Amino acid sequence: MGILHDTEPLGPAMTETMLDPKTSLLVAQVKQAHASHRMDLSNKLLRSKHFNAPHKVVYLGDVATTLLAQLPHPETPEMEEAPGFNEQKWALVTQSGDITVHISSRSYWALGLFNSGYINIITLSGPLHERARIVFDTMSALGHKPWEFSHQNSAEKWFKKSGIHTSSKENETSWLAHRQRAKDDLNGEIERLQNRCEDVFQLLERDDEANLRIEIDHEIHMANEALRDENAPAIERALARIEAALIAADPRSMPEMIAAPAEIIATGEDFLTIDERETSGELARIAPNQNDLDDVPFVDLTASESEEE
């Protein structure tokens, strides 16, 4: 589900200057949190609520749960800071390929007595395009703007004390810069495929080109619509269909025909036997069978039992 847009898109140059090449630091408002997870006391790993061994309850919250769900190859998160009496105060770390994810949950309003008084501090380390894609997918899946705080004045005070960002506005700009970088990357994928389509069109007959162009134009339209809706999975599905259509239509990808061997008719001279005589330093020799086919006994198995009796 895409999020509502009420901000002007950032240009590519502005986006690059706002994003750190190695690390992303974002703060998100928690909307909901339940006792949906547990910490395994034996190894401090995050488990589901169905885990029955010795454990502590963890109120993970909607932001952390959604972000972890967007990681392509996540390891089991490790609780870096275990929850205590306050089950919504914790910190975890996990790895997904080249991306390291660190999330901590902190209260900023009303001593953490309500879910709306909590924020998640998110740190992502790794390749920028992967970090941007994780943020993009998280924002789309959340369905609300994570940079908008339920208690704005308290949030501004927290930012001044924390030193993470100078203000909530700077935090918002960072979220939007990551989103724009991911959209630019996805748009680049669409344009790359469009250029490849033009190369294939030039290799086809007029009728084949016209039919393929209609199909490709439809899928490009679907991909652009999905990009406007910030629906990355739908974009990838449309691009995959384009890839499949290009492979099927590209004459350069057609397998070459291999001629079948000439017909070979077997004769009696083709039967081979192994000469089992052992000779010093020699392997067993294969020689043609000298028996004539007429000498081979044949048994008629078609006779009925009554005839045999």
# chains A, B, ... in the order shown; residues from 1 in each chain; ligands from 1

$ residues_around --residues "Glu243 in chain A" --least-positions-apart "6" --cutoff "12 Å" --atoms "only C-alpha atoms" --output "PyMOL selection string"
chain A and resi 189-190+192-194+196-197+200+212+215-216+219-220+236-237+249-250

$ residues_around --residues "Val30 in chain A" --least-positions-apart "6" --cutoff "7 Å" --atoms "only C-alpha atoms" --output "list in words"
Gly61, Asp62, Val63, Asn115, Ser116, Tyr118, Ile119 and Asn120 of chain A

$ residues_around --residues "Asn187 in chain A" --least-positions-apart "2" --cutoff "12 Å" --atoms "only C-alpha atoms" --output "VMD selection string"
chain A and resid 12 180 to 185 189 to 194 220 223 to 228 230 232 235 to 236 239

$ closest_atom_pairs --of "range 5-69 of chain A" --to "range 126-140 of chain A" --cutoff "10 Å" --atoms "only C-alpha atoms" --output "JSON lines"
{"residue": "A:Glu16", "atom": "CA", "partner": "A:Leu128", "partner_atom": "CA", "distance": 9.8}
{"residue": "A:Leu19", "atom": "CA", "partner": "A:Leu128", "partner_atom": "CA", "distance": 8.1}
{"residue": "A:Asp20", "atom": "CA", "partner": "A:Leu128", "partner_atom": "CA", "distance": 7.9}
{"residue": "A:Pro21", "atom": "CA", "partner": "A:Leu128", "partner_atom": "CA", "distance": 6.0}
{"residue": "A:Lys22", "atom": "CA", "partner": "A:Gly126", "partner_atom": "CA", "distance": 5.7}
{"residue": "A:Thr23", "atom": "CA", "partner": "A:Gly126", "partner_atom": "CA", "distance": 6.6}
{"residue": "A:Ser24", "atom": "CA", "partner": "A:Arg131", "partner_atom": "CA", "distance": 7.3}
{"residue": "A:Leu26", "atom": "CA", "partner": "A:Val135", "partner_atom": "CA", "distance": 9.4}
{"residue": "A:Val63", "atom": "CA", "partner": "A:Thr138", "partner_atom": "CA", "distance": 8.0}
{"residue": "A:Ala64", "atom": "CA", "partner": "A:Thr138", "partner_atom": "CA", "distance": 9.3}
{"residue": "A:Thr65", "atom": "CA", "partner": "A:Thr138", "partner_atom": "CA", "distance": 9.6}
{"residue": "A:Thr66", "atom": "CA", "partner": "A:Thr138", "partner_atom": "CA", "distance": 6.1}
{"residue": "A:Leu67", "atom": "CA", "partner": "A:Thr138", "partner_atom": "CA", "distance": 5.3}
{"residue": "A:Leu68", "atom": "CA", "partner": "A:Thr138", "partner_atom": "CA", "distance": 8.7}
{"residue": "A:Ala69", "atom": "CA", "partner": "A:Thr138", "partner_atom": "CA", "distance": 8.4}

$ decode --residues "range 62-215 of chain A" --atoms "C-alpha atoms" --output "PDB file, in the first residue's frame"
ATOM      1  CA  ASP A  62       4.627  -1.822  13.847  1.00  0.00           C
ATOM      2  CA  VAL A  63       7.679   0.041  12.515  1.00  0.00           C
ATOM      3  CA  ALA A  64      10.281  -2.559  13.495  1.00  0.00           C
ATOM      4  CA  THR A  65       8.048  -5.454  12.442  1.00  0.00           C
ATOM      5  CA  THR A  66       7.422  -3.891   9.038  1.00  0.00           C
ATOM      6  CA  LEU A  67      11.064  -3.013   8.417  1.00  0.00           C
ATOM      7  CA  LEU A  68      12.304  -6.497   9.310  1.00  0.00           C
ATOM      8  CA  ALA A  69       9.748  -7.951   6.893  1.00  0.00           C
ATOM      9  CA  GLN A  70      11.319  -5.980   4.019  1.00  0.00           C
ATOM     10  CA  LEU A  71      14.796  -7.477   4.448  1.00  0.00           C
ATOM     11  CA  PRO A  72      15.528  -9.897   1.589  1.00  0.00           C
ATOM     12  CA  HIS A  73      17.789 -12.345   3.468  1.00  0.00           C
ATOM     13  CA  PRO A  74      17.578 -11.549   7.186  1.00  0.00           C
ATOM     14  CA  GLU A  75      19.364 -13.390   9.917  1.00  0.00           C
ATOM     15  CA  THR A  76      17.533 -13.966  13.188  1.00  0.00           C
ATOM     16  CA  PRO A  77      17.655 -10.625  15.049  1.00  0.00           C
ATOM     17  CA  GLU A  78      19.717 -10.534  18.219  1.00  0.00           C
ATOM     18  CA  MET A  79      18.492  -8.475  21.152  1.00  0.00           C
ATOM     19  CA  GLU A  80      21.373  -6.141  21.886  1.00  0.00           C
ATOM     20  CA  GLU A  81      19.420  -4.615  24.764  1.00  0.00           C
ATOM     21  CA  ALA A  82      16.928  -6.883  26.484  1.00  0.00           C
ATOM     22  CA  PRO A  83      13.576  -5.495  27.587  1.00  0.00           C
ATOM     23  CA  GLY A  84      13.188  -5.093  31.319  1.00  0.00           C
ATOM     24  CA  PHE A  85      10.204  -3.921  33.311  1.00  0.00           C
ATOM     25  CA  ASN A  86       9.443  -1.698  30.325  1.00  0.00           C
ATOM     26  CA  GLU A  87       8.872  -4.301  27.622  1.00  0.00           C
ATOM     27  CA  GLN A  88       8.856  -1.681  24.874  1.00  0.00           C
ATOM     28  CA  LYS A  89      12.361  -0.431  25.607  1.00  0.00           C
ATOM     29  CA  TRP A  90      14.854  -2.592  23.734  1.00  0.00           C
ATOM     30  CA  ALA A  91      17.492  -2.672  20.989  1.00  0.00           C
ATOM     31  CA  LEU A  92      18.168  -5.300  18.334  1.00  0.00           C
ATOM     32  CA  VAL A  93      20.616  -5.889  15.513  1.00  0.00           C
ATOM     33  CA  THR A  94      20.458  -8.128  12.459  1.00  0.00           C
ATOM     34  CA  GLN A  95      22.196  -8.714   9.143  1.00  0.00           C
ATOM     35  CA  SER A  96      20.704  -9.085   5.674  1.00  0.00           C
ATOM     36  CA  GLY A  97      23.340  -9.663   3.032  1.00  0.00           C
ATOM     37  CA  ASP A  98      25.518  -6.549   2.974  1.00  0.00           C
ATOM     38  CA  ILE A  99      23.072  -4.561   5.116  1.00  0.00           C
ATOM     39  CA  THR A 100      23.377  -4.250   8.896  1.00  0.00           C
ATOM     40  CA  VAL A 101      20.207  -3.152  10.694  1.00  0.00           C
ATOM     41  CA  HIS A 102      20.114  -1.698  14.196  1.00  0.00           C
ATOM     42  CA  ILE A 103      16.802  -0.651  15.766  1.00  0.00           C
ATOM     43  CA  SER A 104      16.233   0.708  19.252  1.00  0.00           C
ATOM     44  CA  SER A 105      12.930   1.593  20.896  1.00  0.00           C
ATOM     45  CA  ARG A 106      12.780   4.629  23.175  1.00  0.00           C
ATOM     46  CA  SER A 107      10.061   6.676  24.857  1.00  0.00           C
ATOM     47  CA  TYR A 108       9.808  10.413  24.237  1.00  0.00           C
ATOM     48  CA  TRP A 109       6.446  11.291  25.784  1.00  0.00           C
ATOM     49  CA  ALA A 110       4.445  10.469  28.942  1.00  0.00           C
ATOM     50  CA  LEU A 111       7.186   8.222  30.332  1.00  0.00           C
ATOM     51  CA  GLY A 112       6.304   5.583  27.760  1.00  0.00           C
ATOM     52  CA  LEU A 113       2.913   4.770  29.247  1.00  0.00           C
ATOM     53  CA  PHE A 114       1.279   4.741  25.797  1.00  0.00           C
ATOM     54  CA  ASN A 115       2.298   3.332  22.415  1.00  0.00           C
ATOM     55  CA  SER A 116       2.161   6.798  20.881  1.00  0.00           C
ATOM     56  CA  GLY A 117       4.923   7.880  23.246  1.00  0.00           C
ATOM     57  CA  TYR A 118       7.540   5.645  21.585  1.00  0.00           C
ATOM     58  CA  ILE A 119       9.890   6.087  18.665  1.00  0.00           C
ATOM     59  CA  ASN A 120      12.205   3.709  16.836  1.00  0.00           C
ATOM     60  CA  ILE A 121      15.742   4.818  16.045  1.00  0.00           C
ATOM     61  CA  ILE A 122      16.819   3.001  12.874  1.00  0.00           C
ATOM     62  CA  THR A 123      20.410   2.677  11.676  1.00  0.00           C
ATOM     63  CA  LEU A 124      21.169   0.998   8.346  1.00  0.00           C
ATOM     64  CA  SER A 125      24.719   0.330   7.158  1.00  0.00           C
ATOM     65  CA  GLY A 126      25.692  -0.950   3.730  1.00  0.00           C
ATOM     66  CA  PRO A 127      25.261  -0.121   0.024  1.00  0.00           C
ATOM     67  CA  LEU A 128      23.160   2.994  -0.477  1.00  0.00           C
ATOM     68  CA  HIS A 129      20.836   1.568  -3.125  1.00  0.00           C
ATOM     69  CA  GLU A 130      19.935  -1.353  -0.852  1.00  0.00           C
ATOM     70  CA  ARG A 131      19.345   0.919   2.133  1.00  0.00           C
ATOM     71  CA  ALA A 132      17.132   3.183   0.047  1.00  0.00           C
ATOM     72  CA  ARG A 133      15.094   0.234  -1.204  1.00  0.00           C
ATOM     73  CA  ILE A 134      14.510  -1.058   2.346  1.00  0.00           C
ATOM     74  CA  VAL A 135      13.331   2.390   3.459  1.00  0.00           C
ATOM     75  CA  PHE A 136      11.134   2.713   0.361  1.00  0.00           C
ATOM     76  CA  ASP A 137       9.466  -0.659   0.957  1.00  0.00           C
ATOM     77  CA  THR A 138       9.021   0.063   4.661  1.00  0.00           C
ATOM     78  CA  MET A 139       7.318   3.388   3.990  1.00  0.00           C
ATOM     79  CA  SER A 140       4.989   1.795   1.442  1.00  0.00           C
ATOM     80  CA  ALA A 141       4.072  -1.100   3.735  1.00  0.00           C
ATOM     81  CA  LEU A 142       3.474   1.054   6.811  1.00  0.00           C
ATOM     82  CA  GLY A 143       0.711   3.088   5.236  1.00  0.00           C
ATOM     83  CA  HIS A 144       1.485   6.143   7.374  1.00  0.00           C
ATOM     84  CA  LYS A 145       4.256   8.709   7.419  1.00  0.00           C
ATOM     85  CA  PRO A 146       6.799   7.497   9.991  1.00  0.00           C
ATOM     86  CA  TRP A 147       8.346  10.963  10.339  1.00  0.00           C
ATOM     87  CA  GLU A 148       5.101  12.479  11.634  1.00  0.00           C
ATOM     88  CA  PHE A 149       5.086  12.353  15.437  1.00  0.00           C
ATOM     89  CA  SER A 150       1.993  12.055  17.580  1.00  0.00           C
ATOM     90  CA  HIS A 151       3.386  14.583  20.064  1.00  0.00           C
ATOM     91  CA  GLN A 152       5.282  17.140  18.013  1.00  0.00           C
ATOM     92  CA  ASN A 153       6.544  19.408  20.808  1.00  0.00           C
ATOM     93  CA  SER A 154       7.939  16.484  22.782  1.00  0.00           C
ATOM     94  CA  ALA A 155       9.545  15.145  19.618  1.00  0.00           C
ATOM     95  CA  GLU A 156      11.332  18.446  18.971  1.00  0.00           C
ATOM     96  CA  LYS A 157      12.692  18.435  22.530  1.00  0.00           C
ATOM     97  CA  TRP A 158      13.872  14.863  22.109  1.00  0.00           C
ATOM     98  CA  PHE A 159      15.713  15.693  18.873  1.00  0.00           C
ATOM     99  CA  LYS A 160      17.543  18.585  20.515  1.00  0.00           C
ATOM    100  CA  LYS A 161      18.701  16.348  23.366  1.00  0.00           C
ATOM    101  CA  SER A 162      19.589  13.303  21.255  1.00  0.00           C
ATOM    102  CA  GLY A 163      21.765  15.023  18.666  1.00  0.00           C
ATOM    103  CA  ILE A 164      20.599  12.564  15.990  1.00  0.00           C
ATOM    104  CA  HIS A 165      18.953  15.257  13.867  1.00  0.00           C
ATOM    105  CA  THR A 166      18.618  18.953  14.516  1.00  0.00           C
ATOM    106  CA  SER A 167      14.834  18.738  14.185  1.00  0.00           C
ATOM    107  CA  SER A 168      11.953  16.552  13.055  1.00  0.00           C
ATOM    108  CA  LYS A 169      12.067  18.402   9.725  1.00  0.00           C
ATOM    109  CA  GLU A 170      15.591  17.185   9.065  1.00  0.00           C
ATOM    110  CA  ASN A 171      14.454  13.673   9.939  1.00  0.00           C
ATOM    111  CA  GLU A 172      11.569  13.982   7.477  1.00  0.00           C
ATOM    112  CA  THR A 173      13.922  15.161   4.749  1.00  0.00           C
ATOM    113  CA  SER A 174      16.128  12.128   5.328  1.00  0.00           C
ATOM    114  CA  TRP A 175      13.170   9.752   4.954  1.00  0.00           C
ATOM    115  CA  LEU A 176      12.086  11.458   1.740  1.00  0.00           C
ATOM    116  CA  ALA A 177      15.612  11.431   0.321  1.00  0.00           C
ATOM    117  CA  HIS A 178      15.818   7.659   0.751  1.00  0.00           C
ATOM    118  CA  ARG A 179      12.429   7.235  -0.876  1.00  0.00           C
ATOM    119  CA  GLN A 180      13.433   9.399  -3.826  1.00  0.00           C
ATOM    120  CA  ARG A 181      16.699   7.518  -4.320  1.00  0.00           C
ATOM    121  CA  ALA A 182      14.822   4.215  -4.492  1.00  0.00           C
ATOM    122  CA  LYS A 183      12.299   5.667  -6.954  1.00  0.00           C
ATOM    123  CA  ASP A 184      15.142   6.947  -9.133  1.00  0.00           C
ATOM    124  CA  ASP A 185      16.703   3.472  -9.130  1.00  0.00           C
ATOM    125  CA  LEU A 186      13.410   1.816 -10.097  1.00  0.00           C
ATOM    126  CA  ASN A 187      12.788   4.392 -12.809  1.00  0.00           C
ATOM    127  CA  GLY A 188      16.274   3.669 -14.132  1.00  0.00           C
ATOM    128  CA  GLU A 189      15.388  -0.021 -14.397  1.00  0.00           C
ATOM    129  CA  ILE A 190      12.298   0.846 -16.422  1.00  0.00           C
ATOM    130  CA  GLU A 191      14.288   3.074 -18.775  1.00  0.00           C
ATOM    131  CA  ARG A 192      16.971   0.411 -19.192  1.00  0.00           C
ATOM    132  CA  LEU A 193      14.381  -2.104 -20.330  1.00  0.00           C
ATOM    133  CA  GLN A 194      12.807   0.432 -22.675  1.00  0.00           C
ATOM    134  CA  ASN A 195      16.161   0.904 -24.405  1.00  0.00           C
ATOM    135  CA  ARG A 196      16.583  -2.844 -24.705  1.00  0.00           C
ATOM    136  CA  CYS A 197      13.109  -3.098 -26.222  1.00  0.00           C
ATOM    137  CA  GLU A 198      14.076  -0.677 -28.979  1.00  0.00           C
ATOM    138  CA  ASP A 199      17.084  -2.848 -29.818  1.00  0.00           C
ATOM    139  CA  VAL A 200      14.875  -5.925 -30.166  1.00  0.00           C
ATOM    140  CA  PHE A 201      12.235  -4.063 -32.203  1.00  0.00           C
ATOM    141  CA  GLN A 202      14.829  -3.359 -34.907  1.00  0.00           C
ATOM    142  CA  LEU A 203      15.435  -7.088 -35.375  1.00  0.00           C
ATOM    143  CA  LEU A 204      11.797  -8.046 -35.974  1.00  0.00           C
ATOM    144  CA  GLU A 205       9.489  -8.077 -38.952  1.00  0.00           C
ATOM    145  CA  ARG A 206       6.937  -5.279 -39.091  1.00  0.00           C
ATOM    146  CA  ASP A 207       3.964  -7.343 -37.886  1.00  0.00           C
ATOM    147  CA  ASP A 208       5.946  -9.007 -35.105  1.00  0.00           C
ATOM    148  CA  GLU A 209       7.299  -5.643 -34.016  1.00  0.00           C
ATOM    149  CA  ALA A 210       3.824  -4.097 -33.884  1.00  0.00           C
ATOM    150  CA  ASN A 211       2.421  -6.922 -31.766  1.00  0.00           C
ATOM    151  CA  LEU A 212       5.363  -6.894 -29.372  1.00  0.00           C
ATOM    152  CA  ARG A 213       5.281  -3.113 -29.080  1.00  0.00           C
ATOM    153  CA  ILE A 214       1.638  -3.211 -27.972  1.00  0.00           C
ATOM    154  CA  GLU A 215       2.460  -5.778 -25.293  1.00  0.00           C
TER     155      GLU A 215
END
